[in-house]
$ cat input-v8.txt   # compact mmCIF, C-alpha atoms
# COMPACT_ATOMS: atom_id res chain seq x y z
CA MET A 751 -3.20 -21.85 -10.20
CA ASP A 752 -3.89 -22.49 -6.52
CA ILE A 753 -3.43 -19.17 -4.79
CA LYS A 754 -5.42 -20.06 -1.68
CA SER A 755 -2.64 -22.29 -0.40
CA LYS A 756 -0.31 -19.26 -0.41
CA ILE A 757 -2.32 -17.58 2.36
CA ARG A 758 -0.86 -18.34 5.77
CA THR A 759 -3.20 -18.81 8.72
CA ILE A 760 -2.07 -17.47 12.09
CA PRO A 761 -4.33 -18.88 14.83
CA HIS A 762 -5.50 -16.60 17.66
CA TRP A 763 -4.13 -13.36 16.24
CA PRO A 764 -4.54 -10.53 17.09
CA ILE A 765 -6.86 -11.96 19.75
CA GLU A 766 -7.89 -15.40 21.02
CA GLY A 767 -10.33 -17.14 18.70
CA VAL A 768 -9.46 -15.28 15.49
CA MET A 769 -7.88 -17.26 12.67
CA PHE A 770 -5.90 -14.52 10.95
CA ARG A 771 -5.47 -14.94 7.19
CA ASP A 772 -2.04 -13.55 6.39
CA ILE A 773 -1.72 -12.31 2.84
CA THR A 774 1.97 -11.40 3.11
CA THR A 775 2.90 -14.97 2.19
CA LEU A 776 1.02 -14.51 -1.11
CA TRP A 777 3.09 -11.38 -1.76
CA LEU A 778 6.25 -13.47 -1.37
CA ASP A 779 5.23 -15.65 -4.32
CA PRO A 780 5.35 -13.53 -7.49
CA GLU A 781 3.62 -16.12 -9.70
CA ALA A 782 0.68 -16.66 -7.37
CA ASN A 783 0.43 -12.96 -6.58
CA LYS A 784 0.43 -12.15 -10.30
CA GLU A 785 -2.44 -14.59 -10.75
CA ALA A 786 -4.43 -12.69 -8.11
CA TYR A 787 -3.68 -9.40 -9.89
CA ARG A 788 -4.70 -10.99 -13.21
CA ARG A 789 -8.07 -12.07 -11.87
CA PHE A 790 -8.86 -8.55 -10.64
CA TYR A 791 -7.75 -7.09 -13.96
CA GLU A 792 -9.93 -9.52 -15.95
CA GLN A 793 -12.91 -8.66 -13.76
CA TYR A 794 -12.66 -4.90 -14.39
CA LYS A 795 -10.91 -4.36 -17.73
CA ASP A 796 -14.16 -3.96 -19.69
CA LYS A 797 -16.30 -2.32 -17.02
CA LYS A 798 -15.51 1.34 -17.78
CA ILE A 799 -14.29 2.02 -14.24
CA ASP A 800 -13.11 5.59 -13.45
CA LYS A 801 -11.21 5.14 -10.19
CA ILE A 802 -9.71 2.45 -8.00
CA VAL A 803 -10.17 3.06 -4.28
CA GLY A 804 -7.75 1.12 -2.05
CA ILE A 805 -8.12 0.67 1.68
CA ASP A 806 -5.15 1.34 4.00
CA ALA A 807 -2.81 -0.54 4.11
CA ARG A 808 -3.02 -4.01 2.51
CA GLY A 809 -5.63 -2.75 0.05
CA PHE A 810 -2.99 -0.31 -1.22
CA VAL A 811 -1.00 -3.21 -2.66
CA PHE A 812 -3.85 -4.70 -4.68
CA GLY A 813 -5.37 -1.31 -5.49
CA ALA A 814 -2.13 0.21 -6.73
CA VAL A 815 -1.42 -2.67 -9.10
CA LEU A 816 -5.02 -2.78 -10.36
CA ALA A 817 -4.99 0.99 -11.02
CA TYR A 818 -1.66 0.58 -12.81
CA GLN A 819 -2.96 -2.26 -14.96
CA LEU A 820 -6.15 -0.38 -15.85
CA ASP A 821 -4.38 2.99 -16.28
CA LEU A 822 -6.70 4.60 -13.72
CA PRO A 823 -6.33 7.01 -10.79
CA PHE A 824 -5.73 5.44 -7.39
CA VAL A 825 -7.58 6.86 -4.37
CA PRO A 826 -6.52 5.93 -0.82
CA VAL A 827 -8.92 5.41 2.08
CA ARG A 828 -6.83 5.95 5.19
CA LYS A 829 -7.12 5.81 8.93
CA LYS A 830 -8.15 9.14 10.46
CA GLY A 831 -5.39 11.74 10.61
CA LYS A 832 -3.23 10.31 7.83
CA LEU A 833 -4.49 12.35 4.86
CA PRO A 834 -3.20 15.94 4.80
CA GLY A 835 -5.89 17.63 2.66
CA ASP A 836 -9.57 18.32 3.31
CA THR A 837 -11.33 15.05 4.05
CA VAL A 838 -14.64 13.34 4.64
CA GLY A 839 -14.71 10.72 7.39
CA ALA A 840 -16.69 7.70 8.57
CA GLU A 841 -16.59 5.65 11.78
CA TYR A 842 -17.08 1.89 11.94
CA THR A 843 -16.60 -1.14 14.16
CA LEU A 844 -14.07 -3.81 13.30
CA GLU A 845 -14.00 -7.55 13.94
CA TYR A 846 -11.88 -6.57 16.95
CA GLY A 847 -12.07 -2.87 17.85
CA ALA A 848 -13.31 0.38 16.30
CA ASN A 849 -11.86 2.71 13.72
CA ASN A 850 -12.24 5.83 11.60
CA VAL A 851 -11.39 6.20 7.94
CA GLU A 852 -11.05 9.25 5.73
CA MET A 853 -10.84 10.18 2.08
CA HIS A 854 -9.71 13.41 0.40
CA VAL A 855 -12.74 15.44 -0.70
CA ASP A 856 -11.16 16.12 -4.10
CA ALA A 857 -10.28 12.47 -4.77
CA ILE A 858 -13.69 11.57 -6.19
CA ASN A 859 -15.70 13.52 -8.76
CA LYS A 860 -19.45 13.35 -9.04
CA GLY A 861 -20.43 10.30 -11.09
CA ASP A 862 -17.04 8.54 -10.82
CA LYS A 863 -17.56 4.80 -11.18
CA CYS A 864 -15.36 3.25 -8.48
CA VAL A 865 -14.07 -0.17 -7.54
CA ILE A 866 -13.18 -0.34 -3.84
CA ILE A 867 -10.53 -2.95 -3.09
CA ASP A 868 -9.15 -4.49 0.09
CA ASP A 869 -7.41 -7.72 0.97
CA LEU A 870 -10.26 -9.12 3.04
CA ILE A 871 -13.92 -8.75 3.96
CA ALA A 872 -14.70 -9.96 7.49
CA THR A 873 -17.59 -8.27 9.33
CA GLY A 874 -17.81 -5.63 6.60
CA GLY A 875 -17.39 -2.50 8.70
CA THR A 876 -14.43 -1.10 6.79
CA ILE A 877 -15.94 -1.57 3.35
CA ALA A 878 -19.28 -0.12 4.47
CA ALA A 879 -17.43 2.99 5.68
CA ALA A 880 -15.48 3.25 2.41
CA ILE A 881 -18.72 3.00 0.41
CA LYS A 882 -20.18 5.80 2.51
CA LEU A 883 -17.19 8.04 1.74
CA VAL A 884 -17.31 7.39 -2.00
CA GLU A 885 -21.04 8.12 -2.13
CA GLU A 886 -20.78 11.19 0.09
CA LEU A 887 -18.53 12.66 -2.60
CA GLY A 888 -20.98 11.76 -5.37
CA GLY A 889 -19.17 8.68 -6.61
CA GLU A 890 -20.79 5.41 -7.62
CA VAL A 891 -19.59 2.06 -6.24
CA ALA A 892 -19.43 -0.32 -9.19
CA GLU A 893 -18.17 -3.26 -7.11
CA CYS A 894 -16.24 -4.15 -3.96
CA ALA A 895 -13.25 -6.42 -4.56
CA PHE A 896 -11.40 -8.62 -2.08
CA VAL A 897 -8.82 -11.34 -2.16
CA ILE A 898 -10.50 -13.15 0.74
CA GLU A 899 -14.08 -13.34 1.96
CA LEU A 900 -14.93 -14.80 5.38
CA PRO A 901 -18.60 -15.69 4.77
CA ASP A 902 -19.24 -16.84 8.34
CA LEU A 903 -18.72 -13.25 9.54
CA HIS A 904 -21.57 -12.03 7.27
CA GLY A 905 -19.81 -8.96 5.90
CA ARG A 906 -22.20 -9.02 2.95
CA ASP A 907 -25.05 -8.09 5.30
CA GLN A 908 -23.35 -4.74 5.93
CA ILE A 909 -23.31 -3.82 2.25
CA LYS A 910 -26.55 -5.27 0.91
CA GLY A 911 -27.28 -4.22 -2.65
CA TYR A 912 -23.61 -3.84 -3.59
CA ASP A 913 -21.77 -6.29 -5.82
CA ILE A 914 -18.90 -8.22 -4.27
CA PHE A 915 -16.07 -9.96 -6.07
CA ALA A 916 -13.79 -12.16 -3.94
CA LEU A 917 -11.02 -14.45 -5.17
CA MET A 918 -11.51 -17.00 -2.39
CA GLU A 919 -13.36 -17.82 0.81
CA PHE A 920 -12.26 -19.23 4.16
CA GLU A 921 -15.04 -20.91 6.09
CA GLY A 922 -15.36 -21.96 9.72
CA GLU A 923 -14.31 -18.68 11.34
CA MET B 88 7.14 14.47 -18.21
CA ASP B 89 6.91 16.83 -15.24
CA ILE B 90 5.81 14.71 -12.31
CA LYS B 91 7.00 17.11 -9.62
CA SER B 92 4.12 19.50 -10.33
CA LYS B 93 1.69 16.69 -9.47
CA ILE B 94 2.81 16.68 -5.82
CA ARG B 95 0.58 18.89 -3.70
CA THR B 96 2.11 20.86 -0.83
CA ILE B 97 0.06 21.22 2.35
CA PRO B 98 1.64 23.90 4.55
CA HIS B 99 1.87 23.35 8.32
CA TRP B 100 0.71 19.75 8.32
CA PRO B 101 0.70 17.70 10.48
CA ILE B 102 2.35 20.39 12.63
CA GLU B 103 3.26 24.07 12.32
CA GLY B 104 6.33 24.63 10.18
CA VAL B 105 6.17 21.42 8.14
CA MET B 106 5.53 21.70 4.41
CA PHE B 107 3.87 18.34 3.78
CA ARG B 108 4.43 16.89 0.31
CA ASP B 109 1.24 15.05 -0.57
CA ILE B 110 1.76 12.24 -3.04
CA THR B 111 -1.93 11.33 -3.33
CA THR B 112 -2.36 13.95 -6.06
CA LEU B 113 0.26 12.10 -8.12
CA TRP B 114 -1.78 8.91 -7.70
CA LEU B 115 -4.79 10.71 -9.18
CA ASP B 116 -2.90 11.28 -12.44
CA PRO B 117 -2.34 7.90 -14.12
CA GLU B 118 0.05 9.22 -16.77
CA ALA B 119 2.33 11.02 -14.31
CA ASN B 120 2.13 8.17 -11.84
CA LYS B 121 3.02 5.67 -14.55
CA GLU B 122 6.07 7.79 -15.37
CA ALA B 123 7.19 7.53 -11.73
CA TYR B 124 6.71 3.74 -11.85
CA ARG B 125 8.62 3.61 -15.15
CA ARG B 126 11.63 5.42 -13.67
CA PHE B 127 11.83 2.99 -10.77
CA TYR B 128 11.51 0.05 -13.14
CA GLU B 129 14.28 1.36 -15.42
CA GLN B 130 16.52 1.86 -12.40
CA TYR B 131 16.22 -1.76 -11.20
CA LYS B 132 15.34 -3.94 -14.19
CA ASP B 133 18.94 -5.00 -14.83
CA LYS B 134 20.22 -5.02 -11.24
CA LYS B 135 19.41 -8.64 -10.34
CA ILE B 136 17.29 -7.63 -7.35
CA ASP B 137 15.72 -10.46 -5.29
CA LYS B 138 13.08 -8.64 -3.25
CA ILE B 139 11.25 -5.33 -3.08
CA VAL B 140 10.72 -4.04 0.46
CA GLY B 141 7.94 -1.44 0.80
CA ILE B 142 7.36 0.77 3.82
CA ASP B 143 3.85 1.10 5.31
CA ALA B 144 1.72 2.63 3.92
CA ARG B 145 2.55 4.91 0.96
CA GLY B 146 5.59 2.81 0.15
CA PHE B 147 3.23 -0.12 -0.42
CA VAL B 148 1.86 1.60 -3.52
CA PHE B 149 5.23 2.12 -5.19
CA GLY B 150 6.67 -1.13 -3.87
CA ALA B 151 3.75 -3.27 -5.01
CA VAL B 152 3.88 -1.92 -8.55
CA LEU B 153 7.68 -2.20 -8.74
CA ALA B 154 7.57 -5.81 -7.52
CA TYR B 155 4.83 -6.53 -10.06
CA GLN B 156 6.83 -5.00 -12.90
CA LEU B 157 10.00 -6.86 -11.93
CA ASP B 158 8.19 -10.12 -11.12
CA LEU B 159 9.66 -10.14 -7.61
CA PRO B 160 8.41 -10.88 -4.09
CA PHE B 161 7.05 -7.92 -2.15
CA VAL B 162 7.98 -7.59 1.54
CA PRO B 163 6.11 -5.14 3.81
CA VAL B 164 7.72 -3.16 6.61
CA ARG B 165 4.86 -2.27 8.94
CA LYS B 166 4.20 -0.34 12.10
CA LYS B 167 4.59 -2.45 15.23
CA GLY B 168 1.71 -4.84 15.90
CA LYS B 169 0.44 -5.06 12.33
CA LEU B 170 2.27 -8.19 11.14
CA PRO B 171 0.82 -11.46 12.45
CA GLY B 172 3.83 -13.77 12.15
CA ASP B 173 7.16 -13.81 13.97
CA THR B 174 8.90 -10.48 13.48
CA VAL B 175 12.06 -8.48 14.01
CA GLY B 176 11.59 -4.87 15.08
CA ALA B 177 13.40 -1.53 15.15
CA GLU B 178 12.63 1.79 16.83
CA TYR B 179 13.31 5.18 15.29
CA THR B 180 12.49 8.88 15.59
CA LEU B 181 10.44 10.65 12.93
CA GLU B 182 10.48 14.24 11.69
CA TYR B 183 7.57 14.67 14.13
CA GLY B 184 7.27 11.86 16.71
CA ALA B 185 8.65 8.35 17.29
CA ASN B 186 7.75 4.97 15.86
CA ASN B 187 8.46 1.25 15.67
CA VAL B 188 8.55 -0.88 12.55
CA GLU B 189 8.59 -4.63 12.06
CA MET B 190 9.25 -7.21 9.37
CA HIS B 191 8.38 -10.91 9.23
CA VAL B 192 11.44 -13.01 10.03
CA ASP B 193 10.74 -15.34 7.10
CA ALA B 194 10.31 -12.52 4.57
CA ILE B 195 14.03 -12.19 3.82
CA ASN B 196 16.48 -15.00 3.11
CA LYS B 197 20.19 -14.72 3.74
CA GLY B 198 21.86 -12.97 0.82
CA ASP B 199 18.64 -11.52 -0.67
CA LYS B 200 19.47 -8.38 -2.63
CA CYS B 201 16.76 -5.88 -1.65
CA VAL B 202 15.52 -2.52 -2.83
CA ILE B 203 13.72 -0.65 -0.03
CA ILE B 204 11.14 1.80 -1.33
CA ASP B 205 9.10 4.58 0.26
CA ASP B 206 7.42 7.71 -0.99
CA LEU B 207 9.73 10.13 0.82
CA ILE B 208 13.00 10.50 2.71
CA ALA B 209 12.92 13.28 5.29
CA THR B 210 15.12 12.88 8.38
CA GLY B 211 15.86 9.28 7.40
CA GLY B 212 14.72 7.50 10.55
CA THR B 213 12.26 5.17 8.87
CA ILE B 214 14.62 4.04 6.14
CA ALA B 215 17.47 3.54 8.63
CA ALA B 216 15.17 1.25 10.65
CA ALA B 217 14.10 -0.66 7.53
CA ILE B 218 17.76 -1.19 6.55
CA LYS B 219 18.45 -2.54 10.04
CA LEU B 220 15.60 -5.07 9.69
CA VAL B 221 16.73 -6.29 6.27
CA GLU B 222 20.31 -6.73 7.46
CA GLU B 223 19.28 -8.37 10.73
CA LEU B 224 17.70 -11.10 8.60
CA GLY B 225 20.82 -11.47 6.47
CA GLY B 226 19.61 -9.49 3.48
CA GLU B 227 21.64 -6.99 1.49
CA VAL B 228 20.35 -3.49 0.74
CA ALA B 229 21.12 -2.82 -2.92
CA GLU B 230 19.56 0.64 -2.90
CA CYS B 231 16.96 2.81 -1.17
CA ALA B 232 14.38 4.33 -3.53
CA PHE B 233 12.10 7.32 -2.96
CA VAL B 234 9.81 9.48 -4.99
CA ILE B 235 10.81 12.56 -2.98
CA GLU B 236 13.96 13.56 -1.13
CA LEU B 237 14.01 16.53 1.26
CA PRO B 238 17.74 17.27 1.26
CA ASP B 239 17.52 20.02 3.89
CA LEU B 240 16.49 17.41 6.47
CA HIS B 241 19.73 15.46 5.86
CA GLY B 242 18.18 11.99 5.73
CA ARG B 243 21.24 10.79 3.83
CA ASP B 244 23.34 11.29 6.98
CA GLN B 245 21.30 8.53 8.69
CA ILE B 246 22.15 5.97 6.03
CA LYS B 247 25.72 6.80 5.03
CA GLY B 248 27.27 4.24 2.73
CA TYR B 249 23.95 3.22 1.17
CA ASP B 250 22.91 4.17 -2.34
CA ILE B 251 19.87 6.41 -2.70
CA PHE B 252 17.71 6.88 -5.76
CA ALA B 253 15.13 9.68 -5.61
CA LEU B 254 12.91 10.91 -8.44
CA MET B 255 12.83 14.51 -7.19
CA GLU B 256 13.86 16.89 -4.42
CA PHE B 257 12.03 19.64 -2.57
CA GLU B 258 14.32 22.24 -1.01
CA GLY B 259 13.74 24.91 1.62
CA GLU B 260 12.13 22.76 4.30

$ encode --input "input-v8.txt" --output "structure tokens"
Amino acid sequence: MDIKSKIRTIPHWPIEGVMFRDITTLWLDPEANKEAYRRFYEQYKDKKIDKIVGIDARGFVFGAVLAYQLDLPFVPVRKKGKLPGDTVGAEYTLEYGANNVEMHVDAINKGDKCVIIDDLIATGGTIAAAIKLVEELGGEVAECAFVIELPDLHGRDQIKGYDIFALMEFEGE
Amino acid sequence: MDIKSKIRTIPHWPIEGVMFRDITTLWLDPEANKEAYRRFYEQYKDKKIDKIVGIDARGFVFGAVLAYQLDLPFVPVRKKGKLPGDTVGAEYTLEYGANNVEMHVDAINKGDKCVIIDDLIATGGTIAAAIKLVEELGGEVAECAFVIELPDLHGRDQIKGYDIFALMEFEGE
């Protein structure tokens, strides 16, 4: 099934020159969206994963369903100030701007094998920060999963040595 | 199964006097979390719902899984400035602060029967705004679903005439 055609492109959003890949149009198509969920499930069902880590906010959608399918705990990575318990934090730069993310200190146990999931990898700042948080708590990053990879933005360079699984690529950013 | 005991209470967060009900500890328990998902599914499986509307960001978790279970489109309500397409917006006051939410104009079709889902109803401002957005686009709100209701904050008074389904209550706020 062609799921790539379900992604809507919004030119020059949020700033001039960025071709924004809008995943909400995939969410409106249950059959295509289910195919995306199925591909993630197939990738991880036999990998003995302990926890699914989803990145705020679009990563929550894919992470929640993957955790549900695999019968695993779901751990949120959130923007600074959103998690009420004791947290660890990491700062990073975005494709357009800067940000801070946090994770609850008791969300990951030492040795937990984690898949970190988000909708998209662009310059790789967010995922690099999420990896840092998981490892700071003693977890192990089994793989980083995305619906979309933008290879021209070289996000992979930020997380060298880590496995990446992406359902599709958009080139020419 | 007792899922209420899986909710962690963080006193005086984010401000003095608020007993924050932290749902992330439910997410860490796959069996309890699955029971929450099951109760939502049972509530809506025979109701001929067209779309699941989830509120940013914790509502994305419950909304995504419910939409997946029911094989329905998932529509996000997001904080202002997060959705890239053409939007409708609504302003509201929170238990602590003020906010704006938006929805894509093409996310709802006239006559769509929607369930709006979030983790919690407190003073009811967010859900009242989400209802306004759905109806502005011609949708119908079949029911509003929450994991937690805080009855002492009288959120129901903000959305009189609408059906509410909540998995649990916490009193004495």

$ closest_atom_pairs --input "input-v8.txt" --of "chain B" --to "chain A" --cutoff "8 Å" --atoms "only C-alpha atoms" --output "Markdown table"
| residue | atom | partner | partner_atom | distance |
| --- | --- | --- | --- | --- |
| B:Ile97 | CA | A:Pro834 | CA | 6.7 |
| B:Trp100 | CA | A:Pro834 | CA | 6.5 |
| B:Pro101 | CA | A:Pro834 | CA | 7.1 |
| B:Phe107 | CA | A:Pro834 | CA | 7.5 |
| B:Asp109 | CA | A:Pro834 | CA | 7.0 |
| B:Thr111 | CA | A:Val825 | CA | 7.3 |
| B:Trp114 | CA | A:Phe824 | CA | 5.3 |
| B:Leu115 | CA | A:Pro823 | CA | 4.3 |
| B:Asp116 | CA | A:Pro823 | CA | 5.7 |
| B:Pro117 | CA | A:Pro823 | CA | 5.3 |
| B:Glu118 | CA | A:Asp821 | CA | 7.7 |
| B:Lys121 | CA | A:Tyr818 | CA | 7.1 |
| B:Asp143 | CA | A:Ala807 | CA | 7.0 |
| B:Ala144 | CA | A:Ala807 | CA | 5.5 |
| B:Arg145 | CA | A:Phe810 | CA | 7.9 |
| B:Phe147 | CA | A:Val811 | CA | 5.7 |
| B:Val148 | CA | A:Ala814 | CA | 5.3 |
| B:Phe149 | CA | A:Ala814 | CA | 7.8 |
| B:Ala151 | CA | A:Val811 | CA | 5.3 |
| B:Val152 | CA | A:Val815 | CA | 5.4 |
| B:Tyr155 | CA | A:Lys784 | CA | 7.1 |
| B:Asp158 | CA | A:Pro780 | CA | 5.7 |
| B:Leu159 | CA | A:Pro780 | CA | 5.5 |
| B:Pro160 | CA | A:Leu778 | CA | 4.3 |
| B:Phe161 | CA | A:Trp777 | CA | 5.3 |
| B:Val162 | CA | A:Leu778 | CA | 6.8 |
| B:Pro163 | CA | A:Thr774 | CA | 7.5 |
| B:Pro171 | CA | A:Trp763 | CA | 6.5 |
| B:Gly172 | CA | A:Ile760 | CA | 7.0 |
| B:Ala194 | CA | A:Leu778 | CA | 7.3 |

$ axis_aligned_box --input "input-v8.txt" --around "stretch 790-793 of chain A" --padding-each-side "6 Å" --output "lines of an AutoDock Vina configuration file"
center_x = -10.3
center_y = -8.3
center_z = -13.3
size_x = 17.2
size_y = 14.4
size_z = 17.3

$ closest_residue --input "input-v8.txt" --among "A:Asp902, A:Asp796, A:Glu841, A:Glu893" --to "A:Lys863" --atoms "all atoms listed in the file"
A:Glu893

$ residues_around --input "input-v8.txt" --residues "stretch 186-189 of chain B" --least-positions-apart "6" --cutoff "7 Å" --atoms "all atoms listed in the file" --output "ChimeraX atom specification"
/B:164-167,174-180

$ closest_residue --input "input-v8.txt" --among "A:Gly875, A:Val768, A:Val884, A:Arg789" --to "A:Ile909" --atoms "only C-alpha atoms"
A:Gly875

$ atom_distance --input "input-v8.txt" --atom1 "atom CA of A:Leu917" --atom2 "atom CA of A:Val897"
4.9 Å

$ atom_distance --input "input-v8.txt" --atom1 "atom CA of A:Ala895" --atom2 "atom CA of A:Lys910"
14.4 Å

$ atom_distance --input "input-v8.txt" --atom1 "atom CA of A:Ile867" --atom2 "atom CA of A:Gln793"
12.3 Å

$ closest_residue --input "input-v8.txt" --among "B:Leu207, B:Lys91, B:Glu236, B:Met190" --to "B:Lys219" --atoms "only C-alpha atoms"
B:Met190
